[in-house]
Amino acid sequence: MSSVQTVSTNPYEGQKPGTSGLRKKVKVFLQENYTENFIQSILDANKESIEGSTLVVGGDGRYLVKEVVSKIIKISAGNGVAKLLVGQNGILSTPAVSHIIRKYKTLGGIVLTASHNPGGINNDFGIKFNCSNGGPAPDNTTNEIYKISAAIKQYKIVPDIACDIDKVGVYKFKVEDRDFEVEVIDSVKDYVDYMKEIFDFPKIKTLLQGSEQRKPFRVLIDSMNGVTGPYVKRIFIDELGAFDDNVRRVTPLEDFGGAHPDPNLTYAADLVTAVKNGGYDLGAAFDGDGDRNMIIGRDAFFVTPSDSLAVLAHNLEHVPYFQRTGVHGFARSMPTAAAVDRVAEALGKEMFQVPTGWKYFGNLMDAGRLSLCGEESFGTGSDHVREKDGLWAALAWLSVIAGVGKSVEDILIEHWKKFGRNYFTRYDYEECASESCADMMRELERRMTAPGFVGSTFVSGEKSYVVALADDFSYMDPVDRSVAMKQGLRIVFEDGSRIVFRLSGTGSSGATVRLYIDSYEATSVLGSAQEMLAPLIDVALRISDLNKYTGRDKPTVIT
Ligand code: VG1
Ligand code: CO
């Protein structure tokens, strides 16, 4: 029998979860009691239901995951949790956690990831709490966790509980007069079983292997040394009959092999080269925790996430899951280009625009009003779970391709010809000085809300834009009526073009400014985004004085 120890501690400042969990440098988490404090705060925020509960625990395999899993086991035992479901080796992708919470109806889960942020001892770690619907905790819960962390005085721990999370199995303990159990589960099985229900695997297999009518459709799936490696191997190689040269970087590494596990054209540049040189028909990459995806076609034809969402929305009948459930509404985050809005209109579906962050989609899904949604930041997903889901998106694309029998590029071009095209780009200025970025946002907001701004004209080259709306985006959840304020400065012009400025809520040091540009063309659909958007970008840089405030003459990353 083990006993609970109560350990005195002092609060740390700044344990405030951002867009998606608490993210800091590993060294911050390594400070004495820093991690313990935050775990105890999560459990305290759930104190009414923690006694006798079950929680799911897993992470993306980055540096510190295993150590923190072991702390969560000991602290959960100290707080009366009855059972933990832990991924083998501490590995669970973010969408897999969401699924497992829902499948086994647990109180929630703790996800150990800093997602697309780099890993390793000098980089980032993160902890996120997901609720019983499988989704990231909403603002009221994360605010509560933060409040508790700011005043914490003690945590409860059972120091002598240890179990080998490298082996699947059940470990039973007696903690004072209670039973406590840790079940180490196969990290991929539940998720893979679910994907087989959602998609028509035999049909995708035929696509990949070819048939008498069609040559094999060659894919290159890149896990970027993140958590999706074991899922990709099981799904693509074991289930869909792909070969070793159809997958790459499929072993999760603690530092992602030095890669920045963010699937975009900059950080996944070597996938782009490999797809071009290898003559592949489709390339897909996922981020560290497996919730983001990038899709490219032959010759690395790039599908923007905003377009990906619109194309999937238009073709959901090729996914068996939606044949069963029907398709309810669609949604996107505010900065995401409005391509999907046109599909929603054509199909007569409800369409929602929510703040940045997947947590804002959950209520709409739970209410049965939302089937498919996405973010411009390479997030796509559906109501099959309550997180975005990278592998799901790749399988959805393969289902559409198998169904319509066309290439990625042809699908896109046809889509644009039918609906017109939203050109989109995002400029990121990473790790700038926090204060001057805050000044920039303040000054911009002051200008935008001054009398006469709406109605004023900005000229760049041959183009001129008249301001139709300027605000700091706020959102009232249609289901629970909760309000999220200050979600991004938005300038909308009379022709529908938009400029959006936000400060990132996932960075671990300094400030990251994101500038989003979206403009619609009904007929001129085959241009290059950077050329088409150049005048608007020029206007955005002038309105904000961004170069002056950030001290940068170009962005860190363009997507
Ligand atoms: C970014 C993206 C946002 C996404 C979030 C989490 O947030 O913009 O769309 O939901 O990351 O993605 P921010 O606040 O830095 O702009 V993940 O894959 O890092 O969990
Ligand atoms: Co992620």
# chains A, B, ... in the order shown; residues from 1 in each chain; ligands from 1
>>> select_by_dssp(residues="stretch 295-441 of chain A", states="strand (DSSP E)", output="PyMOL selection string")
chain A and resi 295-297+302-303+329-333+351-354+370-375+379-382+421-432
>>> write_last_selection(atoms="N, CA, C and O atoms", output="short mmCIF file (atom, residue, chain, number, x, y, z; two decimals), in the first residue's frame")
data_model
loop_
_atom_site.label_atom_id
_atom_site.label_comp_id
_atom_site.auth_asym_id
_atom_site.auth_seq_id
_atom_site.Cartn_x
_atom_site.Cartn_y
_atom_site.Cartn_z
N ILE A 295 -1.22 19.31 -47.63
CA ILE A 295 -1.45 18.46 -48.80
C ILE A 295 -0.83 19.14 -50.02
O ILE A 295 -1.09 20.32 -50.27
N ILE A 296 -0.02 18.41 -50.75
CA ILE A 296 0.47 18.91 -52.04
C ILE A 296 0.21 17.84 -53.11
O ILE A 296 0.15 16.65 -52.80
N GLY A 297 0.07 18.30 -54.33
CA GLY A 297 -0.20 17.37 -55.43
C GLY A 297 1.07 17.09 -56.21
O GLY A 297 2.19 17.31 -55.73
N PHE A 302 0.61 23.15 -54.47
CA PHE A 302 0.26 23.43 -53.07
C PHE A 302 -1.24 23.67 -52.91
O PHE A 302 -1.83 24.47 -53.63
N VAL A 303 -1.84 22.97 -51.95
CA VAL A 303 -3.25 23.20 -51.62
C VAL A 303 -3.28 24.05 -50.34
O VAL A 303 -2.82 23.59 -49.29
N GLY A 329 -23.50 21.69 -40.51
CA GLY A 329 -22.85 22.92 -40.97
C GLY A 329 -21.36 22.81 -41.17
O GLY A 329 -20.73 21.77 -40.92
N PHE A 330 -20.79 23.93 -41.64
CA PHE A 330 -19.34 24.09 -41.79
C PHE A 330 -18.87 25.27 -40.93
O PHE A 330 -19.67 26.13 -40.58
N ALA A 331 -17.57 25.30 -40.65
CA ALA A 331 -17.03 26.44 -39.91
C ALA A 331 -15.56 26.63 -40.24
O ALA A 331 -14.88 25.70 -40.67
N ARG A 332 -15.11 27.85 -40.01
CA ARG A 332 -13.68 28.15 -40.15
C ARG A 332 -13.31 29.17 -39.09
O ARG A 332 -14.18 29.85 -38.54
N SER A 333 -12.01 29.26 -38.80
CA SER A 333 -11.58 30.33 -37.92
C SER A 333 -11.61 31.64 -38.71
O SER A 333 -11.50 31.63 -39.95
N MET A 351 -23.08 28.12 -41.76
CA MET A 351 -21.65 28.44 -41.83
C MET A 351 -21.29 29.31 -40.63
O MET A 351 -21.96 30.28 -40.35
N PHE A 352 -20.23 28.93 -39.91
CA PHE A 352 -19.82 29.69 -38.73
C PHE A 352 -18.39 30.20 -38.89
O PHE A 352 -17.55 29.54 -39.49
N GLN A 353 -18.14 31.34 -38.27
CA GLN A 353 -16.80 31.93 -38.24
C GLN A 353 -16.42 32.13 -36.77
O GLN A 353 -17.09 32.90 -36.08
N VAL A 354 -15.42 31.42 -36.32
CA VAL A 354 -15.09 31.43 -34.88
C VAL A 354 -13.68 32.02 -34.69
O VAL A 354 -12.93 32.15 -35.64
N LEU A 370 -22.36 21.25 -36.65
CA LEU A 370 -21.11 21.40 -37.38
C LEU A 370 -20.50 20.04 -37.70
O LEU A 370 -20.27 19.24 -36.80
N SER A 371 -20.25 19.81 -38.99
CA SER A 371 -19.65 18.53 -39.41
C SER A 371 -18.19 18.67 -39.80
O SER A 371 -17.39 17.78 -39.55
N LEU A 372 -17.83 19.77 -40.46
CA LEU A 372 -16.48 19.91 -41.01
C LEU A 372 -15.99 21.33 -40.78
O LEU A 372 -16.74 22.29 -40.98
N CYS A 373 -14.73 21.46 -40.35
CA CYS A 373 -14.22 22.81 -40.11
C CYS A 373 -12.71 22.83 -40.31
O CYS A 373 -12.07 21.79 -40.43
N GLY A 374 -12.18 24.05 -40.34
CA GLY A 374 -10.74 24.14 -40.55
C GLY A 374 -10.20 25.50 -40.22
O GLY A 374 -10.94 26.47 -40.00
N GLU A 375 -8.87 25.54 -40.18
CA GLU A 375 -8.15 26.77 -39.94
C GLU A 375 -7.08 26.91 -41.01
O GLU A 375 -6.55 25.91 -41.51
N GLY A 379 -4.98 23.23 -40.28
CA GLY A 379 -5.85 22.39 -39.45
C GLY A 379 -7.14 22.09 -40.20
O GLY A 379 -7.78 22.99 -40.75
N THR A 380 -7.47 20.80 -40.28
CA THR A 380 -8.72 20.38 -40.91
C THR A 380 -9.27 19.26 -40.04
O THR A 380 -8.51 18.46 -39.50
N GLY A 381 -10.58 19.19 -39.90
CA GLY A 381 -11.12 18.10 -39.09
C GLY A 381 -12.63 18.06 -39.16
O GLY A 381 -13.25 18.91 -39.81
N SER A 382 -13.19 17.07 -38.49
CA SER A 382 -14.64 16.93 -38.53
C SER A 382 -15.14 16.55 -37.15
O SER A 382 -14.37 16.45 -36.20
N ARG A 421 -11.93 31.95 -56.70
CA ARG A 421 -10.80 31.58 -55.84
C ARG A 421 -10.51 32.64 -54.79
O ARG A 421 -10.46 33.83 -55.10
N ASN A 422 -10.31 32.20 -53.57
CA ASN A 422 -9.80 33.08 -52.53
C ASN A 422 -8.29 32.94 -52.49
O ASN A 422 -7.77 31.89 -52.13
N TYR A 423 -7.59 34.00 -52.89
CA TYR A 423 -6.14 34.00 -52.73
C TYR A 423 -5.84 34.30 -51.27
O TYR A 423 -6.47 35.17 -50.67
N PHE A 424 -4.89 33.57 -50.72
CA PHE A 424 -4.62 33.74 -49.29
C PHE A 424 -3.14 33.65 -49.01
O PHE A 424 -2.43 32.83 -49.62
N THR A 425 -2.66 34.45 -48.09
CA THR A 425 -1.31 34.25 -47.59
C THR A 425 -1.24 34.69 -46.13
O THR A 425 -2.07 35.48 -45.67
N ARG A 426 -0.28 34.13 -45.43
CA ARG A 426 -0.04 34.56 -44.04
C ARG A 426 1.43 34.87 -43.88
O ARG A 426 2.28 34.08 -44.27
N TYR A 427 1.72 36.03 -43.29
CA TYR A 427 3.10 36.42 -42.96
C TYR A 427 3.26 36.28 -41.46
O TYR A 427 2.48 36.87 -40.70
N ASP A 428 4.27 35.55 -41.03
CA ASP A 428 4.57 35.43 -39.60
C ASP A 428 5.88 36.14 -39.29
O ASP A 428 6.89 35.89 -39.96
N TYR A 429 5.86 36.96 -38.28
CA TYR A 429 7.08 37.61 -37.77
C TYR A 429 7.31 37.02 -36.39
O TYR A 429 6.64 37.39 -35.43
N GLU A 430 8.22 36.05 -36.31
CA GLU A 430 8.35 35.27 -35.07
C GLU A 430 9.34 35.90 -34.10
O GLU A 430 10.33 36.51 -34.50
N GLU A 431 9.06 35.68 -32.83
CA GLU A 431 9.94 36.08 -31.73
C GLU A 431 10.40 37.53 -31.84
O GLU A 431 11.59 37.84 -31.78
N CYS A 432 9.45 38.43 -31.97
CA CYS A 432 9.75 39.87 -31.95
C CYS A 432 9.66 40.37 -30.52
O CYS A 432 9.20 39.66 -29.63
#
>>> closest_atom_pairs(of="chain A", to="ligand 1", cutoff="9 Å", atoms="only C-alpha atoms and all ligand atoms", output="JSON lines")
{"residue": "A:Gly18", "atom": "CA", "partner": "ligand 1", "partner_atom_place_in_ligand_line": "14 (O)", "distance": 7.0}
{"residue": "A:Thr19", "atom": "CA", "partner": "ligand 1", "partner_atom_place_in_ligand_line": "14 (O)", "distance": 4.8}
{"residue": "A:Ser20", "atom": "CA", "partner": "ligand 1", "partner_atom_place_in_ligand_line": "6 (C)", "distance": 5.3}
{"residue": "A:Gly21", "atom": "CA", "partner": "ligand 1", "partner_atom_place_in_ligand_line": "20 (O)", "distance": 8.0}
{"residue": "A:Thr94", "atom": "CA", "partner": "ligand 1", "partner_atom_place_in_ligand_line": "20 (O)", "distance": 8.3}
{"residue": "A:Thr113", "atom": "CA", "partner": "ligand 1", "partner_atom_place_in_ligand_line": "20 (O)", "distance": 8.2}
{"residue": "A:Ala114", "atom": "CA", "partner": "ligand 1", "partner_atom_place_in_ligand_line": "19 (O)", "distance": 6.4}
{"residue": "A:Ser115", "atom": "CA", "partner": "ligand 1", "partner_atom_place_in_ligand_line": "19 (O)", "distance": 4.4}
{"residue": "A:His116", "atom": "CA", "partner": "ligand 1", "partner_atom_place_in_ligand_line": "19 (O)", "distance": 4.8}
{"residue": "A:Asn117", "atom": "CA", "partner": "ligand 1", "partner_atom_place_in_ligand_line": "19 (O)", "distance": 6.8}
{"residue": "A:Asp262", "atom": "CA", "partner": "ligand 1", "partner_atom_place_in_ligand_line": "18 (O)", "distance": 7.9}
{"residue": "A:Asp287", "atom": "CA", "partner": "ligand 1", "partner_atom_place_in_ligand_line": "18 (O)", "distance": 6.6}
{"residue": "A:Gly288", "atom": "CA", "partner": "ligand 1", "partner_atom_place_in_ligand_line": "18 (O)", "distance": 7.8}
{"residue": "A:Asp289", "atom": "CA", "partner": "ligand 1", "partner_atom_place_in_ligand_line": "18 (O)", "distance": 7.0}
{"residue": "A:Gly290", "atom": "CA", "partner": "ligand 1", "partner_atom_place_in_ligand_line": "18 (O)", "distance": 7.5}
{"residue": "A:Asp291", "atom": "CA", "partner": "ligand 1", "partner_atom_place_in_ligand_line": "18 (O)", "distance": 5.5}
{"residue": "A:Arg292", "atom": "CA", "partner": "ligand 1", "partner_atom_place_in_ligand_line": "18 (O)", "distance": 5.3}
{"residue": "A:Asn293", "atom": "CA", "partner": "ligand 1", "partner_atom_place_in_ligand_line": "18 (O)", "distance": 8.9}
{"residue": "A:Ser333", "atom": "CA", "partner": "ligand 1", "partner_atom_place_in_ligand_line": "9 (O)", "distance": 7.2}
{"residue": "A:Pro335", "atom": "CA", "partner": "ligand 1", "partner_atom_place_in_ligand_line": "9 (O)", "distance": 8.4}
{"residue": "A:Thr336", "atom": "CA", "partner": "ligand 1", "partner_atom_place_in_ligand_line": "9 (O)", "distance": 8.6}
{"residue": "A:Pro355", "atom": "CA", "partner": "ligand 1", "partner_atom_place_in_ligand_line": "9 (O)", "distance": 8.7}
{"residue": "A:Thr356", "atom": "CA", "partner": "ligand 1", "partner_atom_place_in_ligand_line": "9 (O)", "distance": 5.0}
{"residue": "A:Gly357", "atom": "CA", "partner": "ligand 1", "partner_atom_place_in_ligand_line": "10 (O)", "distance": 3.7}
{"residue": "A:Trp358", "atom": "CA", "partner": "ligand 1", "partner_atom_place_in_ligand_line": "10 (O)", "distance": 5.3}
{"residue": "A:Lys359", "atom": "CA", "partner": "ligand 1", "partner_atom_place_in_ligand_line": "10 (O)", "distance": 8.2}
{"residue": "A:Gly374", "atom": "CA", "partner": "ligand 1", "partner_atom_place_in_ligand_line": "9 (O)", "distance": 8.6}
{"residue": "A:Glu375", "atom": "CA", "partner": "ligand 1", "partner_atom_place_in_ligand_line": "9 (O)", "distance": 5.4}
{"residue": "A:Glu376", "atom": "CA", "partner": "ligand 1", "partner_atom_place_in_ligand_line": "9 (O)", "distance": 6.5}
{"residue": "A:Ser377", "atom": "CA", "partner": "ligand 1", "partner_atom_place_in_ligand_line": "9 (O)", "distance": 4.8}
{"residue": "A:Phe378", "atom": "CA", "partner": "ligand 1", "partner_atom_place_in_ligand_line": "9 (O)", "distance": 7.6}
{"residue": "A:Gly379", "atom": "CA", "partner": "ligand 1", "partner_atom_place_in_ligand_line": "9 (O)", "distance": 7.0}
{"residue": "A:Glu387", "atom": "CA", "partner": "ligand 1", "partner_atom_place_in_ligand_line": "20 (O)", "distance": 8.8}
{"residue": "A:Lys388", "atom": "CA", "partner": "ligand 1", "partner_atom_place_in_ligand_line": "18 (O)", "distance": 8.0}
{"residue": "A:Arg502", "atom": "CA", "partner": "ligand 1", "partner_atom_place_in_ligand_line": "16 (O)", "distance": 7.2}
{"residue": "A:Leu503", "atom": "CA", "partner": "ligand 1", "partner_atom_place_in_ligand_line": "16 (O)", "distance": 6.8}
{"residue": "A:Ser504", "atom": "CA", "partner": "ligand 1", "partner_atom_place_in_ligand_line": "15 (O)", "distance": 3.7}
{"residue": "A:Gly505", "atom": "CA", "partner": "ligand 1", "partner_atom_place_in_ligand_line": "14 (O)", "distance": 3.4}
{"residue": "A:Thr506", "atom": "CA", "partner": "ligand 1", "partner_atom_place_in_ligand_line": "15 (O)", "distance": 4.0}
{"residue": "A:Gly507", "atom": "CA", "partner": "ligand 1", "partner_atom_place_in_ligand_line": "15 (O)", "distance": 6.0}
{"residue": "A:Thr512", "atom": "CA", "partner": "ligand 1", "partner_atom_place_in_ligand_line": "15 (O)", "distance": 7.5}
{"residue": "A:Val513", "atom": "CA", "partner": "ligand 1", "partner_atom_place_in_ligand_line": "16 (O)", "distance": 8.5}
{"residue": "A:Arg514", "atom": "CA", "partner": "ligand 1", "partner_atom_place_in_ligand_line": "16 (O)", "distance": 7.0}
>>> write_last_selection(atoms="N, CA and C atoms", output="compact mmCIF listing (two decimals), in the first residue's frame")
# COMPACT_ATOMS: atom_id res chain seq x y z
N GLY A 18 -2.45 29.21 -23.56
CA GLY A 18 -2.68 30.11 -24.69
C GLY A 18 -3.71 29.54 -25.64
N THR A 19 -3.49 29.71 -26.94
CA THR A 19 -4.45 29.22 -27.93
C THR A 19 -4.72 27.74 -27.73
N SER A 20 -3.70 26.99 -27.35
CA SER A 20 -3.88 25.55 -27.20
C SER A 20 -2.91 25.00 -26.15
N GLY A 21 -3.23 25.21 -24.88
CA GLY A 21 -2.42 24.66 -23.79
C GLY A 21 -1.32 25.60 -23.33
N THR A 94 -2.61 13.90 -30.77
CA THR A 94 -3.69 14.74 -30.23
C THR A 94 -5.07 14.25 -30.68
N THR A 113 2.29 18.10 -25.30
CA THR A 113 2.80 18.51 -26.60
C THR A 113 2.92 20.02 -26.69
N ALA A 114 3.88 20.47 -27.47
CA ALA A 114 3.88 21.87 -27.89
C ALA A 114 3.62 21.91 -29.39
N SER A 115 2.97 20.82 -29.86
CA SER A 115 2.43 20.76 -31.21
C SER A 115 3.45 21.02 -32.31
N HIS A 116 3.29 22.12 -33.03
CA HIS A 116 4.18 22.39 -34.16
C HIS A 116 5.46 23.10 -33.71
N ASN A 117 5.61 23.39 -32.42
CA ASN A 117 6.84 24.06 -31.96
C ASN A 117 7.98 23.03 -31.88
N ASP A 262 6.39 21.54 -38.35
CA ASP A 262 5.25 22.35 -38.75
C ASP A 262 5.08 22.17 -40.25
N ASP A 287 2.12 17.67 -38.29
CA ASP A 287 2.97 18.35 -37.30
C ASP A 287 3.32 17.40 -36.15
N GLY A 288 4.04 17.93 -35.16
CA GLY A 288 4.55 17.11 -34.07
C GLY A 288 3.50 16.25 -33.41
N ASP A 289 2.32 16.81 -33.12
CA ASP A 289 1.29 16.05 -32.39
C ASP A 289 0.21 15.50 -33.30
N GLY A 290 0.36 15.67 -34.62
CA GLY A 290 -0.50 14.97 -35.56
C GLY A 290 -1.85 15.60 -35.82
N ASP A 291 -2.04 16.86 -35.41
CA ASP A 291 -3.34 17.46 -35.72
C ASP A 291 -3.32 18.35 -36.96
N ARG A 292 -2.12 18.76 -37.40
CA ARG A 292 -2.06 19.58 -38.61
C ARG A 292 -1.73 18.74 -39.84
N ASN A 293 -2.08 19.24 -41.01
CA ASN A 293 -1.72 18.56 -42.26
C ASN A 293 -1.42 19.55 -43.35
N SER A 333 -12.01 29.26 -38.80
CA SER A 333 -11.58 30.33 -37.92
C SER A 333 -11.61 31.64 -38.71
N PRO A 335 -9.52 34.14 -39.37
CA PRO A 335 -8.51 34.49 -40.37
C PRO A 335 -8.48 33.57 -41.59
N THR A 336 -9.10 32.41 -41.52
CA THR A 336 -9.11 31.46 -42.64
C THR A 336 -9.86 32.09 -43.82
N PRO A 355 -13.31 32.34 -33.45
CA PRO A 355 -11.94 32.81 -33.22
C PRO A 355 -10.92 31.70 -33.49
N THR A 356 -9.66 32.08 -33.59
CA THR A 356 -8.57 31.13 -33.81
C THR A 356 -8.45 30.15 -32.64
N GLY A 357 -8.34 28.87 -32.95
CA GLY A 357 -8.20 27.84 -31.90
C GLY A 357 -9.32 26.83 -32.00
N TRP A 358 -8.93 25.55 -31.95
CA TRP A 358 -9.93 24.49 -32.20
C TRP A 358 -11.00 24.43 -31.12
N LYS A 359 -10.68 24.92 -29.91
CA LYS A 359 -11.65 24.84 -28.81
C LYS A 359 -12.97 25.53 -29.16
N GLY A 374 -12.18 24.05 -40.34
CA GLY A 374 -10.74 24.14 -40.55
C GLY A 374 -10.20 25.50 -40.22
N GLU A 375 -8.87 25.54 -40.18
CA GLU A 375 -8.15 26.77 -39.94
C GLU A 375 -7.08 26.91 -41.01
N GLU A 376 -6.74 28.17 -41.30
CA GLU A 376 -5.70 28.42 -42.32
C GLU A 376 -4.34 27.87 -41.89
N SER A 377 -4.19 27.61 -40.59
CA SER A 377 -2.91 27.15 -40.04
C SER A 377 -2.74 25.64 -40.22
N PHE A 378 -3.24 25.10 -41.31
CA PHE A 378 -3.04 23.69 -41.65
C PHE A 378 -3.82 22.76 -40.72
N GLY A 379 -4.98 23.23 -40.28
CA GLY A 379 -5.85 22.39 -39.45
C GLY A 379 -7.14 22.09 -40.20
N GLU A 387 -10.74 17.45 -32.05
CA GLU A 387 -9.47 18.09 -32.37
C GLU A 387 -9.35 18.07 -33.88
N LYS A 388 -8.48 18.94 -34.41
CA LYS A 388 -8.17 18.79 -35.82
C LYS A 388 -7.37 17.50 -35.99
N ARG A 502 -3.01 39.53 -35.89
CA ARG A 502 -3.17 38.87 -34.58
C ARG A 502 -1.81 38.68 -33.95
N LEU A 503 -1.80 38.60 -32.64
CA LEU A 503 -0.60 38.13 -31.95
C LEU A 503 -0.82 36.66 -31.63
N SER A 504 0.20 35.86 -31.89
CA SER A 504 0.09 34.42 -31.65
C SER A 504 -0.09 34.10 -30.17
N GLY A 505 -0.84 33.03 -29.90
CA GLY A 505 -1.00 32.55 -28.54
C GLY A 505 -0.36 31.19 -28.33
N THR A 506 0.58 30.80 -29.19
CA THR A 506 1.24 29.51 -29.01
C THR A 506 2.75 29.62 -28.87
N GLY A 507 3.30 30.80 -29.09
CA GLY A 507 4.76 30.96 -29.02
C GLY A 507 5.23 30.82 -27.57
N THR A 512 4.88 36.81 -31.55
CA THR A 512 4.81 36.49 -32.98
C THR A 512 3.60 37.22 -33.56
N VAL A 513 3.88 38.06 -34.56
CA VAL A 513 2.78 38.76 -35.24
C VAL A 513 2.37 37.94 -36.44
N ARG A 514 1.07 37.75 -36.60
CA ARG A 514 0.57 37.09 -37.80
C ARG A 514 -0.26 38.09 -38.61
>>> closest_residue(among="A:Asp299, A:Asp177, A:Glu254, A:Asp471", to="A:Val65", atoms="only C-alpha atoms")
A:Glu254
>>> residues_around(residues="stretch 527-533 of chain A", least_positions_apart="3", cutoff="9 Å", atoms="only C-alpha atoms", output="PyMOL selection string")
chain A and resi 423-425+517-519+524+536-538
>>> atom_distance(atom1="atom CA of A:Lys215", atom2="atom CA of A:Ser407")
12.4 Å
>>> residues_around(residues="stretch 551-553 of chain A", least_positions_apart="2", cutoff="9 Å", atoms="only C-alpha atoms", output="JSON, numbers by chain")
{"A": [429, 432, 433, 546, 547, 548, 549, 555, 556]}
>>> atom_distance(atom1="atom CA of A:Thr141", atom2="atom CA of A:Val182")
25.4 Å
>>> residues_around(residues="A:Phe301", least_positions_apart="2", cutoff="12 Å", atoms="only C-alpha atoms", output="number ranges by chain")
A: 265, 271-273, 275-276, 279-284, 294-299, 303-304, 407-413, 528
>>> closest_residue(among="A:Asp389, A:Asp245, A:Glu181, A:Asp366", to="ligand 2", atoms="only C-alpha atoms and all ligand atoms")
A:Asp389
>>> residues_around(residues="A:Leu489", least_positions_apart="2", cutoff="6 Å", atoms="only C-alpha atoms", output="count of residues only")
4
>>> select_by_dssp(residues="stretch 117-169 of chain A", states="alpha helix (DSSP H)", output="VMD selection string")
chain A and resid 139 to 149
>>> closest_residue(among="A:His314, A:His260, A:Lys71, A:Arg214", to="ligand 2", atoms="only C-alpha atoms and all ligand atoms")
A:His260
>>> closest_residue(among="A:Leu253, A:Ala150, A:Val56, A:Leu112", to="A:Val97", atoms="only C-alpha atoms")
A:Val56
>>> residues_around(residues="A:Pro159", least_positions_apart="3", cutoff="9 Å", atoms="only C-alpha atoms", output="list of chain:residue names")
A:Ser2, A:Ser3, A:Val4, A:Gln5, A:Lys71, A:Lys74, A:Ile75, A:Gly78, A:Ala162
>>> write_last_selection(atoms="N, CA, C and O atoms", output="short mmCIF file (atom, residue, chain, number, x, y, z; two decimals), in the first residue's frame")
data_model
loop_
_atom_site.label_atom_id
_atom_site.label_comp_id
_atom_site.auth_asym_id
_atom_site.auth_seq_id
_atom_site.Cartn_x
_atom_site.Cartn_y
_atom_site.Cartn_z
N SER A 2 0.47 2.24 -0.81
CA SER A 2 1.23 3.49 -0.86
C SER A 2 0.44 4.60 -0.19
O SER A 2 -0.79 4.54 -0.13
N SER A 3 1.15 5.60 0.27
CA SER A 3 0.41 6.70 0.89
C SER A 3 0.66 8.02 0.17
O SER A 3 1.67 8.20 -0.53
N VAL A 4 -0.30 8.93 0.37
CA VAL A 4 -0.28 10.22 -0.31
C VAL A 4 0.56 11.20 0.50
O VAL A 4 0.41 11.28 1.71
N GLN A 5 1.42 11.91 -0.20
CA GLN A 5 2.17 12.98 0.48
C GLN A 5 1.68 14.34 -0.02
O GLN A 5 1.41 14.50 -1.20
N LYS A 71 5.13 11.85 -13.69
CA LYS A 71 4.61 12.78 -12.67
C LYS A 71 3.08 12.78 -12.64
O LYS A 71 2.47 12.83 -11.57
N LYS A 74 1.79 9.80 -10.69
CA LYS A 74 1.93 9.94 -9.22
C LYS A 74 0.96 10.98 -8.65
O LYS A 74 0.39 10.78 -7.57
N ILE A 75 0.79 12.09 -9.35
CA ILE A 75 -0.08 13.15 -8.83
C ILE A 75 -1.56 12.75 -8.98
O ILE A 75 -2.38 13.04 -8.10
N GLY A 78 -2.40 10.63 -6.19
CA GLY A 78 -2.53 11.43 -4.97
C GLY A 78 -3.83 12.18 -4.86
O GLY A 78 -4.21 12.65 -3.78
N ALA A 162 5.26 3.61 -9.49
CA ALA A 162 5.98 3.69 -10.76
C ALA A 162 5.51 2.54 -11.62
O ALA A 162 5.20 1.46 -11.11
#
